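Below: my_file_34.txt (compact mmCIF, C-alpha atoms)
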# COMPACT_ATOMS: atom_id res chain seq x y z
CA MET A 298 74.83 68.44 138.76
CA ASN A 299 74.69 69.06 135.03
CA PHE A 300 73.44 66.58 132.44
CA CYS A 301 76.52 64.37 132.05
CA GLU A 302 77.39 64.54 135.75
CA THR A 303 73.92 63.21 136.52
CA ALA A 304 74.13 60.49 133.86
CA ASN A 305 77.55 59.40 135.12
CA TYR A 306 76.30 59.45 138.72
CA HIS A 307 73.61 56.96 137.72
CA GLY A 308 76.18 54.81 135.91
CA TYR A 309 75.56 55.80 132.28
CA TYR A 310 78.04 56.69 129.57
CA CYS A 311 77.51 60.30 128.51
CA GLU A 312 78.91 62.61 125.86
CA GLU A 313 78.51 66.37 125.67
CA HIS A 314 79.00 67.89 122.23
CA LYS A 315 79.37 71.64 122.56
CA ASN A 316 79.52 74.47 120.01
CA VAL A 317 77.41 72.81 117.33
CA GLN A 318 76.97 75.89 115.14
CA THR A 319 73.73 76.87 113.43
CA PRO A 320 73.71 78.82 110.12
CA ASP A 321 72.81 82.00 112.04
CA GLY A 322 75.63 81.64 114.55
CA TYR A 323 74.17 80.03 117.69
CA LEU A 324 76.32 77.41 119.41
CA LEU A 325 74.24 74.48 120.63
CA THR A 326 75.00 71.60 122.98
CA ILE A 327 73.90 68.05 122.20
CA HIS A 328 73.97 65.25 124.78
CA ARG A 329 74.32 61.53 124.22
CA ILE A 330 73.60 58.54 126.47
CA ASN A 331 74.83 55.22 125.11
CA GLY A 332 75.02 52.29 127.53
CA ARG A 333 76.44 51.80 131.01
CA LEU A 334 79.82 52.97 132.24
CA ASN A 335 80.83 49.45 133.32
CA GLU A 336 80.14 47.98 129.87
CA LYS A 337 82.20 47.95 126.72
CA PRO A 338 81.48 50.93 124.42
CA LYS A 339 78.34 50.29 122.43
CA VAL A 340 78.55 50.40 118.63
CA ASN A 341 75.90 50.13 115.94
CA ARG A 342 73.06 50.80 118.35
CA LYS A 343 69.91 52.24 116.84
CA ALA A 344 69.93 56.01 117.40
CA VAL A 345 66.98 58.08 118.61
CA PHE A 346 66.81 61.87 118.95
CA MET A 347 64.89 63.61 121.77
CA GLN A 348 63.94 67.30 121.95
CA HIS A 349 62.71 69.13 125.04
CA GLY A 350 59.81 71.53 125.44
CA LEU A 351 59.40 75.21 126.19
CA LEU A 352 61.49 76.56 129.10
CA SER A 353 63.24 73.22 129.43
CA SER A 354 66.45 71.51 128.31
CA SER A 355 67.79 68.02 127.72
CA TYR A 356 67.95 67.72 131.52
CA GLY A 357 64.16 67.80 131.64
CA PHE A 358 64.12 64.21 130.41
CA ILE A 359 66.38 62.92 133.22
CA MET A 360 65.00 64.71 136.29
CA ASN A 361 63.70 61.44 137.72
CA LEU A 362 65.70 58.38 138.75
CA PRO A 363 66.87 56.08 135.91
CA ASN A 364 63.93 53.68 136.11
CA ASN A 365 61.62 56.68 135.60
CA SER A 366 63.52 58.67 132.95
CA LEU A 367 63.02 57.92 129.25
CA PRO A 368 66.64 58.41 128.06
CA PHE A 369 67.95 55.93 130.64
CA ILE A 370 65.13 53.50 129.91
CA PHE A 371 65.86 53.72 126.17
CA SER A 372 69.58 53.23 126.74
CA ASP A 373 68.93 50.12 128.83
CA ALA A 374 66.70 48.85 126.01
CA GLY A 375 69.64 49.09 123.58
CA PHE A 376 69.25 52.52 121.97
CA ASP A 377 71.83 55.22 121.32
CA VAL A 378 70.05 58.26 122.78
CA TRP A 379 70.76 61.81 121.57
CA LEU A 380 69.20 64.90 123.16
CA GLY A 381 69.07 68.39 121.69
CA ASN A 382 69.15 71.79 123.39
CA SER A 383 67.44 74.76 121.75
CA ARG A 384 69.08 78.18 121.65
CA GLY A 385 68.69 80.25 124.79
CA ASN A 386 68.52 77.46 127.36
CA THR A 387 71.19 76.65 129.94
CA TYR A 388 73.24 74.51 127.57
CA SER A 389 72.96 76.67 124.44
CA MET A 390 73.79 80.20 125.60
CA LYS A 391 76.51 81.14 123.11
CA HIS A 392 76.68 82.88 119.76
CA ILE A 393 79.64 83.61 117.51
CA LYS A 394 78.84 87.34 117.49
CA TYR A 395 76.55 88.19 120.43
CA ASN A 396 76.50 87.39 124.15
CA ASP A 397 73.42 86.65 126.23
CA LYS A 398 73.41 90.17 127.69
CA GLN A 399 72.69 91.65 124.28
CA LYS A 400 69.20 92.11 122.90
CA GLU A 401 70.26 90.72 119.53
CA PHE A 402 71.00 87.33 121.10
CA TRP A 403 67.37 86.92 122.19
CA ASP A 404 65.81 87.88 118.87
CA PHE A 405 64.35 84.45 118.13
CA SER A 406 61.32 82.23 118.70
CA TRP A 407 60.49 78.60 118.00
CA GLN A 408 60.53 79.60 114.32
CA GLU A 409 64.34 79.82 114.29
CA MET A 410 64.59 76.61 116.29
CA ALA A 411 62.64 74.85 113.54
CA MET A 412 64.57 76.52 110.71
CA TYR A 413 68.08 76.29 112.14
CA ASP A 414 68.51 74.48 115.49
CA LEU A 415 66.71 71.27 114.64
CA PRO A 416 68.24 70.59 111.20
CA THR A 417 71.70 71.51 112.53
CA SER A 418 71.33 69.10 115.46
CA LEU A 419 69.95 66.32 113.27
CA ASP A 420 72.73 66.73 110.71
CA PHE A 421 75.32 66.49 113.48
CA VAL A 422 73.85 63.26 114.87
CA LEU A 423 73.27 61.69 111.46
CA LYS A 424 76.89 62.31 110.50
CA ILE A 425 78.28 60.70 113.66
CA THR A 426 75.89 57.74 113.53
CA ASN A 427 76.37 57.36 109.76
CA THR A 428 72.65 57.21 109.04
CA ASN A 429 70.32 59.08 106.70
CA SER A 430 67.37 59.50 109.07
CA ILE A 431 66.49 59.03 112.73
CA PRO A 432 63.35 58.50 114.84
CA TYR A 433 62.49 61.63 116.79
CA ILE A 434 60.74 62.08 120.13
CA GLY A 435 59.65 65.59 120.99
CA HIS A 436 57.83 66.92 124.03
CA SER A 437 55.62 70.02 123.81
CA GLN A 438 57.59 72.71 121.93
CA GLY A 439 59.86 69.89 120.78
CA THR A 440 56.91 68.61 118.76
CA LEU A 441 56.06 72.04 117.32
CA ILE A 442 59.54 72.70 115.95
CA ALA A 443 59.61 69.23 114.38
CA PHE A 444 56.16 69.69 112.81
CA ALA A 445 57.21 73.09 111.46
CA HIS A 446 60.55 71.80 110.19
CA GLU A 447 58.96 68.88 108.39
CA ALA A 448 56.20 71.04 106.88
CA MET A 449 58.70 73.59 105.62
CA THR A 450 61.45 71.30 104.35
CA LYS A 451 60.17 67.72 103.88
CA SER A 452 63.79 66.85 104.56
CA LYS A 453 63.27 63.17 105.44
CA LYS A 454 65.85 63.47 108.23
CA ILE A 455 63.17 62.35 110.70
CA SER A 456 62.06 58.80 109.94
CA HIS A 457 59.22 58.79 112.47
CA LEU A 458 57.99 61.73 114.55
CA ILE A 459 56.77 60.74 118.01
CA ALA A 460 54.92 63.69 119.54
CA LEU A 461 54.48 63.70 123.32
CA ALA A 462 51.91 66.34 124.32
CA PRO A 463 51.77 67.65 120.73
CA ILE A 464 51.71 71.39 120.09
CA PHE A 465 50.66 72.88 116.75
CA HIS A 466 47.41 74.80 117.08
CA VAL A 467 47.11 76.35 120.55
CA THR A 468 43.81 78.16 120.23
CA ASN A 469 42.32 76.37 123.23
CA ILE A 470 45.34 76.44 125.52
CA GLU A 471 44.49 77.05 129.17
CA GLY A 472 46.46 78.08 132.24
CA PRO A 473 48.89 80.96 132.82
CA TYR A 474 50.04 81.37 129.21
CA ARG A 475 46.56 82.40 128.13
CA LEU A 476 46.83 85.44 130.38
CA LEU A 477 49.47 86.83 128.03
CA ILE A 478 47.09 87.28 125.13
CA PRO A 479 45.44 90.64 126.00
CA PHE A 480 48.80 92.12 127.01
CA LYS A 481 51.03 90.79 124.24
CA SER A 482 52.46 94.08 122.99
CA ILE A 483 52.70 95.66 126.46
CA LEU A 484 54.45 92.67 128.02
CA GLY A 485 56.78 92.41 125.07
CA ARG A 486 57.99 95.99 125.54
CA ILE A 487 58.31 95.61 129.33
CA PHE A 488 60.32 92.38 129.21
CA GLU A 489 62.54 93.52 126.36
CA ASP A 490 63.36 96.74 128.19
CA ILE A 491 64.04 95.01 131.53
CA ASP A 492 66.23 92.12 130.44
CA ASN A 493 66.97 92.55 126.75
CA GLY A 494 64.44 89.95 125.70
CA LYS A 495 65.29 86.90 127.83
CA PHE A 496 62.54 85.06 129.69
CA LEU A 497 62.97 83.11 132.96
CA PRO A 498 66.63 82.17 132.48
CA SER A 499 68.29 79.71 134.83
CA SER A 500 71.21 80.83 137.00
CA ASN A 501 73.44 79.51 139.76
CA SER A 502 71.46 81.46 142.33
CA SER A 503 68.08 80.19 141.09
CA ARG A 504 69.36 76.61 141.14
CA TRP A 505 70.71 77.07 144.68
CA ASP A 506 67.40 78.54 145.83
CA ALA A 507 65.46 75.68 144.29
CA THR A 508 67.69 72.96 145.70
CA HIS A 509 67.57 74.32 149.24
CA LEU A 510 64.21 76.06 149.53
CA CYS A 511 62.13 73.38 147.83
CA ASN A 512 63.19 70.92 150.49
CA HIS A 513 61.35 73.01 153.05
CA PRO A 514 57.79 71.77 153.72
CA LEU A 515 56.45 75.31 154.04
CA LEU A 516 57.80 76.33 150.64
CA VAL A 517 57.03 73.28 148.54
CA ASP A 518 53.74 74.81 147.37
CA ILE A 519 55.67 77.75 145.89
CA CYS A 520 57.86 75.32 143.98
CA ASP A 521 54.71 73.51 142.83
CA GLY A 522 53.46 76.84 141.51
CA VAL A 523 56.61 77.42 139.46
CA LEU A 524 56.16 74.02 137.84
CA PHE A 525 52.50 74.73 137.13
CA VAL A 526 53.31 78.03 135.43
CA THR A 527 56.02 76.55 133.23
CA MET A 528 54.76 73.01 132.64
CA GLY A 529 51.03 72.95 133.38
CA TYR A 530 50.98 69.94 135.68
CA ASP A 531 48.92 68.59 138.56
CA ALA A 532 50.53 66.71 141.42
CA LYS A 533 48.84 63.31 141.18
CA TYR A 534 51.81 61.51 139.59
CA LEU A 535 54.51 63.85 140.88
CA ASN A 536 57.35 62.46 142.99
CA GLN A 537 57.45 65.12 145.70
CA SER A 538 60.87 63.95 146.87
CA ARG A 539 62.25 65.08 143.50
CA MET A 540 60.83 68.60 143.81
CA PRO A 541 64.22 70.24 144.46
CA VAL A 542 65.53 68.63 141.26
CA TYR A 543 62.52 69.74 139.21
CA ALA A 544 62.74 73.27 140.53
CA ALA A 545 66.52 73.47 140.00
CA HIS A 546 66.12 72.60 136.32
CA THR A 547 62.80 74.33 135.54
CA PRO A 548 62.68 76.85 134.00
CA GLU A 549 65.82 76.76 131.86
CA GLY A 550 65.13 79.96 129.94
CA CYS A 551 63.96 81.09 126.51
CA SER A 552 63.23 84.39 124.76
CA VAL A 553 60.38 86.83 125.28
CA LYS A 554 59.81 86.60 121.53
CA ASP A 555 59.19 82.87 121.85
CA ILE A 556 56.49 83.45 124.48
CA LEU A 557 54.91 86.22 122.42
CA HIS A 558 54.87 83.95 119.37
CA TYR A 559 52.62 81.57 121.31
CA ALA A 560 50.38 84.47 122.32
CA GLN A 561 50.09 85.36 118.64
CA MET A 562 49.11 81.77 117.76
CA VAL A 563 46.40 81.64 120.40
CA LYS A 564 44.92 84.90 119.15
CA SER A 565 45.19 84.12 115.43
CA GLY A 566 43.96 80.53 115.64
CA ASN A 567 46.64 79.18 113.33
CA CYS A 568 50.25 78.03 113.29
CA SER A 569 52.28 80.66 111.49
CA PHE A 570 55.63 82.44 111.41
CA TYR A 571 56.19 85.33 113.79
CA ASP A 572 54.04 88.38 113.06
CA TYR A 573 56.10 91.58 113.27
CA GLY A 574 52.97 93.65 113.70
CA SER A 575 52.78 95.60 110.48
CA ALA A 576 52.49 94.84 106.79
CA LYS A 577 55.70 96.78 106.15
CA GLU A 578 57.80 94.81 108.64
CA ASN A 579 56.33 91.50 107.52
CA MET A 580 57.06 92.44 103.92
CA GLU A 581 60.70 93.10 104.84
CA LYS A 582 60.97 89.72 106.57
CA TYR A 583 58.80 87.48 104.39
CA ASN A 584 58.14 89.45 101.21
CA ARG A 585 54.45 89.40 102.07
CA SER A 586 52.21 91.49 104.30
CA SER A 587 51.35 88.69 106.74
CA PRO A 588 53.45 85.84 108.16
CA PRO A 589 53.37 82.51 106.27
CA ILE A 590 51.01 79.89 107.69
CA ILE A 591 52.31 76.37 108.41
CA ASN A 592 49.86 73.68 107.34
CA ALA A 593 49.59 70.30 109.05
CA GLN A 594 48.64 68.78 105.69
CA ASP A 595 52.22 69.42 104.53
CA ILE A 596 53.70 67.15 107.22
CA THR A 597 54.05 63.87 105.37
CA THR A 598 56.41 62.28 107.92
CA PRO A 599 54.99 59.23 109.74
CA VAL A 600 53.66 60.48 113.09
CA THR A 601 52.71 58.93 116.41
CA LEU A 602 50.61 61.17 118.68
CA PHE A 603 50.62 60.83 122.47
CA SER A 604 48.02 63.08 124.09
CA ALA A 605 46.71 63.26 127.66
CA GLU A 606 43.30 63.64 129.25
CA LYS A 607 44.24 66.47 131.66
CA ASP A 608 46.67 68.37 129.44
CA ILE A 609 45.71 72.06 129.54
CA LEU A 610 48.53 73.12 127.20
CA ALA A 611 48.10 70.55 124.43
CA ASP A 612 44.32 70.82 124.65
CA ALA A 613 42.13 68.00 123.32
CA VAL A 614 40.46 70.24 120.73
CA ASP A 615 43.82 71.44 119.41
CA VAL A 616 45.17 67.88 119.26
CA SER A 617 42.05 66.83 117.36
CA TYR A 618 43.02 69.35 114.67
CA LEU A 619 46.21 67.36 114.13
CA ARG A 620 44.23 64.13 113.96
CA GLN A 621 42.05 65.58 111.23
CA HIS A 622 44.82 67.13 109.14
CA LEU A 623 48.04 65.12 109.52
CA PRO A 624 48.17 62.83 106.45
CA ASN A 625 50.34 60.06 107.90
CA ILE A 626 49.38 59.19 111.50
CA ILE A 627 50.66 55.71 112.33
CA ASN A 628 49.66 55.55 116.00
CA ASP A 629 47.35 57.70 118.10
CA VAL A 630 47.74 57.10 121.85
CA TYR A 631 45.47 58.73 124.41
CA VAL A 632 46.67 58.58 128.02
CA THR A 633 43.97 58.90 130.65
CA ASP A 634 44.53 60.81 133.88
CA TRP A 635 47.76 62.46 132.72
CA ASP A 636 48.76 66.09 132.17
CA HIS A 637 51.35 67.93 130.08
CA ALA A 638 54.38 67.29 132.30
CA ASP A 639 53.57 63.65 133.03
CA PHE A 640 55.15 62.64 129.72
CA ILE A 641 58.56 63.35 131.23
CA ILE A 642 58.18 63.11 135.03
CA ALA A 643 55.18 60.93 135.94
CA THR A 644 55.84 58.27 138.56
CA ASN A 645 53.98 55.71 136.42
CA LEU A 646 55.75 56.67 133.18
CA PRO A 647 57.32 53.21 132.66
CA SER A 648 54.01 51.34 132.72
CA LYS A 649 52.04 54.00 130.85
CA ILE A 650 54.20 54.77 127.81
CA ALA A 651 57.82 53.58 128.05
CA ARG A 652 57.24 50.02 126.89
CA LEU A 653 55.06 51.19 124.02
CA LEU A 654 57.66 53.76 122.97
CA ILE A 655 60.35 51.07 122.92
CA ASP A 656 58.14 48.89 120.75
CA ILE A 657 57.52 51.76 118.32
CA LEU A 658 61.22 52.65 118.15
CA SER A 659 62.10 49.02 117.55
CA TYR A 660 60.05 48.71 114.36
CA VAL A 661 60.52 52.15 112.77
CA ASN A 662 63.48 52.82 110.47
Do you think you could lay out the structure here as structure tokens?
Amino acid sequence: MNFCETANYHGYYCEEHKNVQTPDGYLLTIHRINGRLNEKPKVNRKAVFMQHGLLSSSYGFIMNLPNNSLPFIFSDAGFDVWLGNSRGNTYSMKHIKYNDKQKEFWDFSWQEMAMYDLPTSLDFVLKITNTNSIPYIGHSQGTLIAFAHEAMTKSKKISHLIALAPIFHVTNIEGPYRLLIPFKSILGRIFEDIDNGKFLPSSNSSRWDATHLCNHPLLVDICDGVLFVTMGYDAKYLNQSRMPVYAAHTPEGCSVKDILHYAQMVKSGNCSFYDYGSAKENMEKYNRSSPPIINAQDITTPVTLFSAEKDILADAVDVSYLRQHLPNIINDVYVTDWDHADFIIATNLPSKIARLLIDILSYVN
């Protein structure tokens, strides 16, 4: 089932807004959950915007049952929940000029998501909800693009930035992604030549395989491995009965350039725009010989940080950089015994963070 089919199945009202066009021509999909199907339409609810992480989609937030999925929990608490989808994932695979089989379509990283996708999505939601700003909850890459957007624009469209497993500096990242660093240029050429620059896209066949094969006890460890590669999790708070669902909706695809951008950040030790590899190319793109650096000190938006003890992707040292440099941290929550993926799929998610998130959303503008 897709996003709205799943929401409806669980008894929630769902809207799917397709073809939300960015300035550079990508057509995004935005989802909305706003109350129960058996209730009167909800009006004047407080809106909240949620943004998924790397290789995920809006569906990543609803892979568990309703009592364990943040959008459903927020809706039951009285919020109007909007969920974005970055270019290149299952729900945002269209462009006004290119198709997803063309190399030009995949010429983007999180940089373009921060510059174009996020403000376009926020503007769309703000117009419909008739508000000037909205609280924002991002997970993983969803935090990075919000940090970058706020540092670059200071737009005030985000009233409060709630960062689950925050990503900004990734110098100390562990796990499979670190293996990319020594082979950045080689892997980039290989992947771009093989599949025109797309990385781990979802397909009907991959979803079928996941749904059927991950039910098999002899193959569940393989499905576990896919989740580890893409989400950096351990199995302590994983609902094994949901493994076919997780595997059917993870990964949801992104670009090779996005992955290589992270490799660049690990190597350089800073958060910066994409480095095109030569002073000449950078000069053509940025009018300077090296890519611009994004500074955490420029993010004046009120921020709540949620970090986890066992998170190997949003490493404790890298998160501490944010603590030292963000000028407006309102809350700083440290979750013991959790990893990177637990913020969206942990079995104890309601007791660990959901109530606190509702409290924070209730008092922010």
Between A:Asn335, A:Thr426, A:Asn316, A:Gln561, which has the minimum distance to Ser406 (chain A) (counting all atoms listed in the file)? A:Gln561
Residues near region 336-343 of chain A, cut-off 6 Å, all atoms listed in the file, skip fewer than 2 positions along chain, as a PDB file with C-alpha atoms, in the coordinates of the input:
ATOM      1  CA  ARG A 333      76.440  51.800 131.010  1.00  0.00           C
ATOM      2  CA  LEU A 334      79.820  52.970 132.240  1.00  0.00           C
ATOM      3  CA  PHE A 376      69.250  52.520 121.970  1.00  0.00           C
ATOM      4  CA  ASP A 377      71.830  55.220 121.320  1.00  0.00           C
TER       5      ASP A 377
END
Two-atom distance - CA of Asn628 (chain A), CA of Ala462 (chain A) (Å): 13.8 Å
Between A:Ile330, A:Ile642, A:Leu658, A:Ala613, which is the closest to Phe358 (chain A) once you count only C-alpha atoms? A:Ile642
One decimal, in Å: what's the spacing between CA of Gly350 (chain A) and CA of Gln438 (chain A)?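 So the answer is 4.3 Å.
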Neighbours of Lys533 (chain A) within 10 Å (only C-alpha atoms; same-chain residues fewer than 5 positions away dropped), as a PDB file with C-alpha atoms, in the frame of the given file?
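Okay, part_15.pdb is ready:
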ATOM      1  CA  ASP A 634      44.530  60.810 133.880  1.00  0.00           C
ATOM      2  CA  TRP A 635      47.760  62.460 132.720  1.00  0.00           C
ATOM      3  CA  ASP A 636      48.760  66.090 132.170  1.00  0.00           C
ATOM      4  CA  ASP A 639      53.570  63.650 133.030  1.00  0.00           C
ATOM      5  CA  ALA A 643      55.180  60.930 135.940  1.00  0.00           C
ATOM      6  CA  THR A 644      55.840  58.270 138.560  1.00  0.00           C
TER       7      THR A 644
END
Which one of A:Ile455, A:Ala344, A:Ala545, A:Met390 sits closest to Lys495 (chain A) if you count all atoms listed in the file?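 Counting all atoms listed in the file, the residue closest to Lys495 (chain A) is A:Met390.
Of note, CA of Asn361 (chain A) and CA of Thr547 (chain A) are spaced 13.1 Å apart.
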Long-range neighbours of region 398-400 of chain A as a PyMOL selection string, 7 Å cut-off, all atoms listed in the file, 4 positions minimum in chain: chain A and resi 404+493-494
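Of the residues under consideration (A:Leu535, A:Ala445, A:Val553, A:Val614), A:Val553 shows the shortest atom-to-atom contact distance to Leu352 (chain A) when counting only C-alpha atoms.
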Set up a box along x, y and z of the file covering all listed atoms of region 531-544 of chain A, add 4 Å on every one of the six sides, and write the centre and edge lengths in Å to one decimal, as JSON.
{"center_x": 57.2, "center_y": 67.4, "center_z": 142.7, "size_x": 24.7, "size_y": 19.8, "size_z": 16.3}
Tell me which of A:Thr326, A:Ser587, A:Asn625, A:Asn305 sits closest to Gly381 (chain A), counting all atoms listed in the file.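 Answer, going by the shortest atom-to-atom distance: A:Thr326.
Selecting by distance to (64.9, 58.5, 112.5) with a limit of 6 Å and using only C-alpha atoms, one obtains Ser430, Ile431, Pro432, Tyr433, Ile455, Ser456 and His457 of chain A.
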Give the answer as one residue: which of A:Gly332, A:Pro320, A:Gly550, A:Pro368 has the shortest atom-to-atom distance to Leu654 (chain A), using only C-alpha atoms?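 Closest to Leu654 (chain A), using only C-alpha atoms: A:Pro368.
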Per residue of region 557-658 of chain A within 10 Å of region 450-454 of chain A, which atom pair is closest and at what distance in Å (one decimal), using all atoms listed in the file, listed by chain and increasing number, as CSV?
residue,atom,partner,partner_atom,distance
A:Asp595,CA,A:Lys451,CA,8.2
A:Ile596,CA,A:Lys451,CA,7.3
A:Thr597,CA,A:Lys451,CA,7.4
A:Thr598,CA,A:Lys453,CA,7.3
